[in-house]
$ cat my_file03.pdb   # PDB, C-alpha atoms and all ligand atoms
ATOM      1  CA  MET A   1       6.870   3.534 -12.945
ATOM      2  CA  LYS A   2       5.004   1.386 -10.441
ATOM      3  CA  LEU A   3       1.383   1.020  -9.445
ATOM      4  CA  ILE A   4       1.115   0.273  -5.739
ATOM      5  CA  THR A   5      -2.174  -1.069  -4.411
ATOM      6  CA  ALA A   6      -2.519  -1.525  -0.674
ATOM      7  CA  ILE A   7      -5.482  -3.089   1.134
ATOM      8  CA  ILE A   8      -5.562  -1.887   4.730
ATOM      9  CA  GLN A   9      -7.886  -1.777   7.737
ATOM     10  CA  GLU A  10     -10.326   1.146   7.816
ATOM     11  CA  ASP A  11      -9.084   2.470  11.186
ATOM     12  CA  LYS A  12      -5.554   2.958   9.806
ATOM     13  CA  LEU A  13      -6.447   5.154   6.853
ATOM     14  CA  ASP A  14      -5.788   8.516   8.529
ATOM     15  CA  ASP A  15      -2.458   7.364  10.018
ATOM     16  CA  VAL A  16      -1.299   6.000   6.668
ATOM     17  CA  ARG A  17      -2.325   9.144   4.771
ATOM     18  CA  GLU A  18      -0.621  11.405   7.309
ATOM     19  CA  ALA A  19       2.609   9.399   7.149
ATOM     20  CA  LEU A  20       2.560   9.373   3.337
ATOM     21  CA  ILE A  21       2.071  13.156   3.218
ATOM     22  CA  ASN A  22       4.911  13.623   5.732
ATOM     23  CA  ALA A  23       7.056  11.528   3.365
ATOM     24  CA  GLU A  24       5.981  13.892   0.536
ATOM     25  CA  ILE A  25       3.827  11.258  -1.159
ATOM     26  CA  GLU A  26       0.803  13.423  -1.824
ATOM     27  CA  ARG A  27      -1.003  11.809  -4.760
ATOM     28  CA  ILE A  28      -3.303   9.002  -3.760
ATOM     29  CA  THR A  29      -6.616   7.344  -4.577
ATOM     30  CA  VAL A  30      -8.676   5.842  -1.756
ATOM     31  CA  THR A  31     -11.490   3.373  -2.357
ATOM     32  CA  ARG A  32     -13.796   1.522  -0.007
ATOM     33  CA  VAL A  33     -13.628  -2.162  -0.906
ATOM     34  CA  SER A  34     -14.474  -5.483   0.646
ATOM     35  CA  GLY A  35     -12.857  -8.862   0.476
ATOM     36  CA  HIS A  36     -11.578 -11.842   2.351
ATOM     37  CA  GLY A  37      -8.100 -13.101   3.126
ATOM     38  CA  ARG A  38      -6.961 -16.533   4.188
ATOM     39  CA  GLN A  39      -8.629 -16.711   7.614
ATOM     40  CA  GLN A  40     -12.147 -16.556   6.232
ATOM     41  CA  GLU A  41     -12.679 -20.277   5.882
ATOM     42  CA  ILE A  42     -14.847 -21.722   3.200
ATOM     43  CA  THR A  43     -16.802 -24.380   5.102
ATOM     44  CA  VAL A  44     -18.891 -27.145   3.669
ATOM     45  CA  GLN A  45     -22.410 -27.671   5.029
ATOM     46  CA  ARG A  46     -24.662 -30.396   3.644
ATOM     47  CA  GLY A  47     -22.401 -30.705   0.650
ATOM     48  CA  ASN A  48     -22.578 -26.996  -0.199
ATOM     49  CA  LYS A  49     -19.677 -24.593   0.205
ATOM     50  CA  VAL A  50     -20.555 -21.709   2.554
ATOM     51  CA  ILE A  51     -19.105 -18.517   1.153
ATOM     52  CA  PRO A  52     -17.369 -16.353   3.808
ATOM     53  CA  ASN A  53     -18.616 -12.872   4.656
ATOM     54  CA  LEU A  54     -17.036  -9.922   2.896
ATOM     55  CA  ILE A  55     -15.037  -7.708   5.268
ATOM     56  CA  PRO A  56     -14.891  -3.937   4.579
ATOM     57  CA  LYS A  57     -11.376  -2.692   3.833
ATOM     58  CA  ILE A  58      -9.698   0.395   2.396
ATOM     59  CA  GLN A  59      -7.811   0.266  -0.873
ATOM     60  CA  ILE A  60      -5.058   2.794  -1.473
ATOM     61  CA  THR A  61      -3.709   3.224  -4.995
ATOM     62  CA  ILE A  62      -0.528   5.173  -5.714
ATOM     63  CA  ALA A  63       1.262   5.528  -9.042
ATOM     64  CA  CYS A  64       4.899   6.502  -8.537
ATOM     65  CA  ASN A  65       8.270   6.782 -10.177
ATOM     66  CA  ASP A  66      10.573   3.833  -9.420
ATOM     67  CA  PRO A  67      12.779   5.532  -6.764
ATOM     68  CA  PHE A  68       9.721   6.060  -4.534
ATOM     69  CA  GLU A  69       8.560   2.430  -4.465
ATOM     70  CA  ASN A  70      10.386   1.353  -1.302
ATOM     71  CA  LEU A  71       9.601   4.537   0.615
ATOM     72  CA  ILE A  72       5.886   4.078  -0.079
ATOM     73  CA  ILE A  73       5.921   0.385   0.852
ATOM     74  CA  ASP A  74       7.878   1.001   4.084
ATOM     75  CA  THR A  75       5.624   3.896   5.089
ATOM     76  CA  ILE A  76       2.466   1.837   4.568
ATOM     77  CA  ILE A  77       3.862  -1.183   6.436
ATOM     78  CA  GLN A  78       4.925   0.936   9.411
ATOM     79  CA  THR A  79       1.599   2.730   9.764
ATOM     80  CA  ALA A  80      -1.000   0.146   8.671
ATOM     81  CA  LYS A  81       0.219  -2.483  11.131
ATOM     82  CA  HIS A  82      -1.610  -2.972  14.448
ATOM     83  CA  GLY A  83       0.968  -3.096  17.240
ATOM     84  CA  LYS A  84       4.631  -3.973  16.877
ATOM     85  CA  ASP A  85       4.083  -7.449  15.433
ATOM     86  CA  GLY A  86       0.954  -6.741  13.395
ATOM     87  CA  LYS A  87      -2.350  -8.587  13.490
ATOM     88  CA  ILE A  88      -4.149 -11.005  11.219
ATOM     89  CA  GLY A  89      -6.035  -9.023   8.580
ATOM     90  CA  ASP A  90      -3.715  -5.989   8.650
ATOM     91  CA  GLY A  91      -3.669  -6.072   4.873
ATOM     92  CA  LYS A  92      -1.491  -6.530   1.850
ATOM     93  CA  ILE A  93       0.463  -4.543  -0.702
ATOM     94  CA  PHE A  94       0.550  -5.389  -4.398
ATOM     95  CA  VAL A  95       3.135  -3.823  -6.730
ATOM     96  CA  GLN A  96       2.795  -3.789 -10.517
ATOM     97  CA  ASP A  97       4.858  -2.315 -13.306
ATOM     98  CA  LEU A  98       2.999   0.684 -14.681
ATOM     99  CA  LYS A  99       3.156   1.061 -18.450
ATOM    100  CA  GLU A 100       1.988   4.623 -18.855
ATOM    101  CA  CYS A 101       0.676   7.679 -17.036
ATOM    102  CA  ILE A 102      -0.835  10.671 -18.805
ATOM    103  CA  ARG A 103      -1.793  14.014 -17.285
ATOM    104  CA  ILE A 104      -5.020  14.859 -19.082
ATOM    105  CA  ARG A 105      -4.658  18.640 -18.708
ATOM    106  CA  THR A 106      -1.237  18.921 -20.391
ATOM    107  CA  GLY A 107      -0.799  15.657 -22.290
ATOM    108  CA  GLU A 108       2.471  15.015 -20.382
ATOM    109  CA  ARG A 109       3.396  11.359 -20.225
ATOM    110  CA  GLY A 110       5.497   9.004 -18.100
ATOM    111  CA  ASN A 111       7.773  10.222 -15.287
ATOM    112  CA  GLN A 112       6.804  13.841 -15.892
ATOM    113  CA  ALA A 113       3.108  13.105 -15.522
ATOM    114  CA  ILE A 114       3.258  11.180 -12.262
TER     115      ILE A 114
HETATM  116  N1  LIG A 201      -4.336 -12.811  -2.820
HETATM  117  C1  LIG A 201      -5.225 -11.815  -2.707
HETATM  118  N2  LIG A 201      -5.850 -11.346  -3.799
HETATM  119  C2  LIG A 201      -6.752 -10.345  -3.701
HETATM  120  N3  LIG A 201      -7.060  -9.722  -2.565
HETATM  121  C3  LIG A 201      -6.452 -10.140  -1.449
HETATM  122  C4  LIG A 201      -5.508 -11.208  -1.460
HETATM  123  N4  LIG A 201      -5.072 -11.403  -0.200
HETATM  124  C5  LIG A 201      -5.711 -10.504   0.558
HETATM  125  N5  LIG A 201      -6.554  -9.749  -0.184
HETATM  126  C6  LIG A 201      -7.391  -8.648   0.269
HETATM  127  O1  LIG A 201      -6.737  -8.041   1.368
HETATM  128  C7  LIG A 201      -7.577  -8.043   2.505
HETATM  129  C8  LIG A 201      -6.722  -8.228   3.726
HETATM  130  O2  LIG A 201      -6.079  -9.476   3.615
HETATM  131  P1  LIG A 201      -5.378 -10.097   4.888
HETATM  132  O3  LIG A 201      -4.562  -9.049   5.541
HETATM  133  O4  LIG A 201      -6.394 -10.810   5.725
HETATM  134  O5  LIG A 201      -4.419 -11.134   4.126
HETATM  135  P2  LIG A 201      -3.971 -12.571   4.590
HETATM  136  O6  LIG A 201      -3.245 -13.180   3.440
HETATM  137  O7  LIG A 201      -5.152 -13.303   5.145
HETATM  138  O8  LIG A 201      -2.905 -12.241   5.716
HETATM  139  P3  LIG A 201      -3.059 -12.365   7.319
HETATM  140  O9  LIG A 201      -2.681 -13.766   7.631
HETATM  141  O10 LIG A 201      -2.090 -11.359   7.870
HETATM  142  O11 LIG A 201      -4.485 -12.035   7.677
HETATM  143  C9  LIG A 201      -8.593  -9.140   2.240
HETATM  144  O12 LIG A 201      -9.805  -8.885   2.940
HETATM  145  C10 LIG A 201      -8.771  -9.060   0.749
HETATM  146  O13 LIG A 201      -9.663  -7.992   0.455
HETATM  147 MG    MG A 202      -6.281 -12.614   6.733
END
$ encode --input "my_file03.pdb" --output "structure tokens"
Amino acid sequence: MKLITAIIQEDKLDDVREALINAEIERITVTRVSGHGRQQEITVQRGNKVIPNLIPKIQITIACNDPFENLIIDTIIQTAKHGKDGKIGDGKIFVQDLKECIRIRTGERGNQAI
């Protein structure tokens, strides 16, 4: 199992969700987050580091069985990108191995519970 965390631009959330549902990926958690990537420079003024502003983003979290990993990644890349070549700040996808998943209602675990 994998835990896929994607940070995307707010204006792409509906497109990404629609594409995921069309690909039959229907279980998703969406969180409003903020952060900074590599363009938000940390400048030094009078010897002090000036901390960059936090930029609002959307975090999408999906737990999936292994065969779905690439479909989910490809779907997010295709729909979260601005224009054909993408734009700075379009976001990032992090993939982690997921140790366990438990459906609280039934106690099912692992692949069955996803
Ligand atoms: N290494 C990281 N660790 C944690 N969060 C990150 C990391 N990189 C990016 N993020 C989060 O993802 C958001 C979007 O990042 P962003 O797309 O700007 O990445 P980037 O590495 O700067 O790439 P780009 O050059 O395309 O802008 C950031 O605002 C931050 O919230
Ligand atoms: Mg950036």
$ resolve_selection --input "my_file03.pdb" --expression "the PyMOL selection byres (((chain A and resi 59) around 10) and not hetatm)" --output "list in words"
Thr5, Ala6, Ile7, Ile8, Gln9, Glu10, Leu13, Thr29, Val30, Thr31, Arg32, Val33, Ser34, Pro56, Lys57, Ile58, Ile60, Thr61, Gly91, Lys92 and Ile93 of chain A
$ closest_atom_pairs --input "my_file03.pdb" --of "chain A" --to "ligand MG 202 (chain A)" --cutoff "12 Å" --atoms "all atoms listed in the file" --output "CSV"
residue,atom,partner,partner_atom,distance
A:Ile7,CA,A:MG202,MG,11.1
A:Ile8,CA,A:MG202,MG,10.9
A:Gln9,CA,A:MG202,MG,11.0
A:Gly35,CA,A:MG202,MG,9.8
A:His36,CA,A:MG202,MG,6.9
A:Gly37,CA,A:MG202,MG,4.1
A:Arg38,CA,A:MG202,MG,4.7
A:Gln39,CA,A:MG202,MG,4.8
A:Gln40,CA,A:MG202,MG,7.1
A:Glu41,CA,A:MG202,MG,10.0
A:Leu54,CA,A:MG202,MG,11.7
A:Ile55,CA,A:MG202,MG,10.1
A:Lys57,CA,A:MG202,MG,11.5
A:Gly86,CA,A:MG202,MG,11.5
A:Lys87,CA,A:MG202,MG,8.8
A:Ile88,CA,A:MG202,MG,5.2
A:Gly89,CA,A:MG202,MG,4.0
A:Asp90,CA,A:MG202,MG,7.4
A:Gly91,CA,A:MG202,MG,7.3
A:Lys92,CA,A:MG202,MG,9.2
$ atom_distance --input "my_file03.pdb" --atom1 "CA of Lys2 (chain A)" --atom2 "CA of Glu69 (chain A)"
7.0 Å
$ residues_around --input "my_file03.pdb" --residues "Asp66 (chain A)" --least-positions-apart "3" --cutoff "10 Å" --atoms "only C-alpha atoms" --output "JSON, numbers by chain"
{"A": [1, 2, 3, 63, 69, 70, 97, 98, 111]}
$ axis_aligned_box --input "my_file03.pdb" --around "ligand LIG 201 (chain A)" --padding-each-side "6 Å" --output "JSON"
{"center_x": -5.9, "center_y": -10.9, "center_z": 2.0, "size_x": 19.7, "size_y": 17.8, "size_z": 23.7}
$ residues_around --input "my_file03.pdb" --residues "Cys101 (chain A)" --least-positions-apart "6" --cutoff "7 Å" --atoms "all atoms listed in the file" --output "number ranges by chain"
A: 109-110, 113-114
$ closest_residue --input "my_file03.pdb" --among "A:Ile104, A:His82, A:Gln112, A:Gln45" --to "ligand LIG 201 (chain A)" --atoms "all atoms listed in the file"
A:His82
$ atom_distance --input "my_file03.pdb" --atom1 "CA of Arg27 (chain A)" --atom2 "CA of Thr106 (chain A)"
17.2 Å
$ residues_around --input "my_file03.pdb" --residues "Glu24 (chain A)" --least-positions-apart "2" --cutoff "12 Å" --atoms "all atoms listed in the file" --output "compact mmCIF listing (two decimals) with C-alpha atoms, in the frame of the given file"
# COMPACT_ATOMS: atom_id res chain seq x y z
CA ARG A 17 -2.33 9.14 4.77
CA GLU A 18 -0.62 11.40 7.31
CA ALA A 19 2.61 9.40 7.15
CA LEU A 20 2.56 9.37 3.34
CA ILE A 21 2.07 13.16 3.22
CA ASN A 22 4.91 13.62 5.73
CA GLU A 26 0.80 13.42 -1.82
CA ARG A 27 -1.00 11.81 -4.76
CA ILE A 28 -3.30 9.00 -3.76
CA CYS A 64 4.90 6.50 -8.54
CA PHE A 68 9.72 6.06 -4.53
CA LEU A 71 9.60 4.54 0.62
CA ILE A 72 5.89 4.08 -0.08
CA THR A 75 5.62 3.90 5.09
$ closest_residue --input "my_file03.pdb" --among "A:Asp11, A:Phe94, A:Asn65, A:Ala23" --to "ligand LIG 201 (chain A)" --atoms "all atoms listed in the file"
A:Phe94
$ residues_around --input "my_file03.pdb" --residues "Val16 (chain A)" --least-positions-apart "4" --cutoff "7 Å" --atoms "only C-alpha atoms" --output "number ranges by chain"
A: 12, 20, 76, 79-80
$ closest_residue --input "my_file03.pdb" --among "A:Asn53, A:Asp14, A:Ile4, A:Asn48" --to "ligand LIG 201 (chain A)" --atoms "only C-alpha atoms and all ligand atoms"
A:Asn53
$ closest_residue --input "my_file03.pdb" --among "A:Asp74, A:Lys99, A:Pro67, A:Pro52" --to "ligand LIG 201 (chain A)" --atoms "only C-alpha atoms and all ligand atoms"
A:Pro52
$ atom_distance --input "my_file03.pdb" --atom1 "atom C6 of ligand LIG 201 (chain A)" --atom2 "CA of Gly47 (chain A)"
26.7 Å
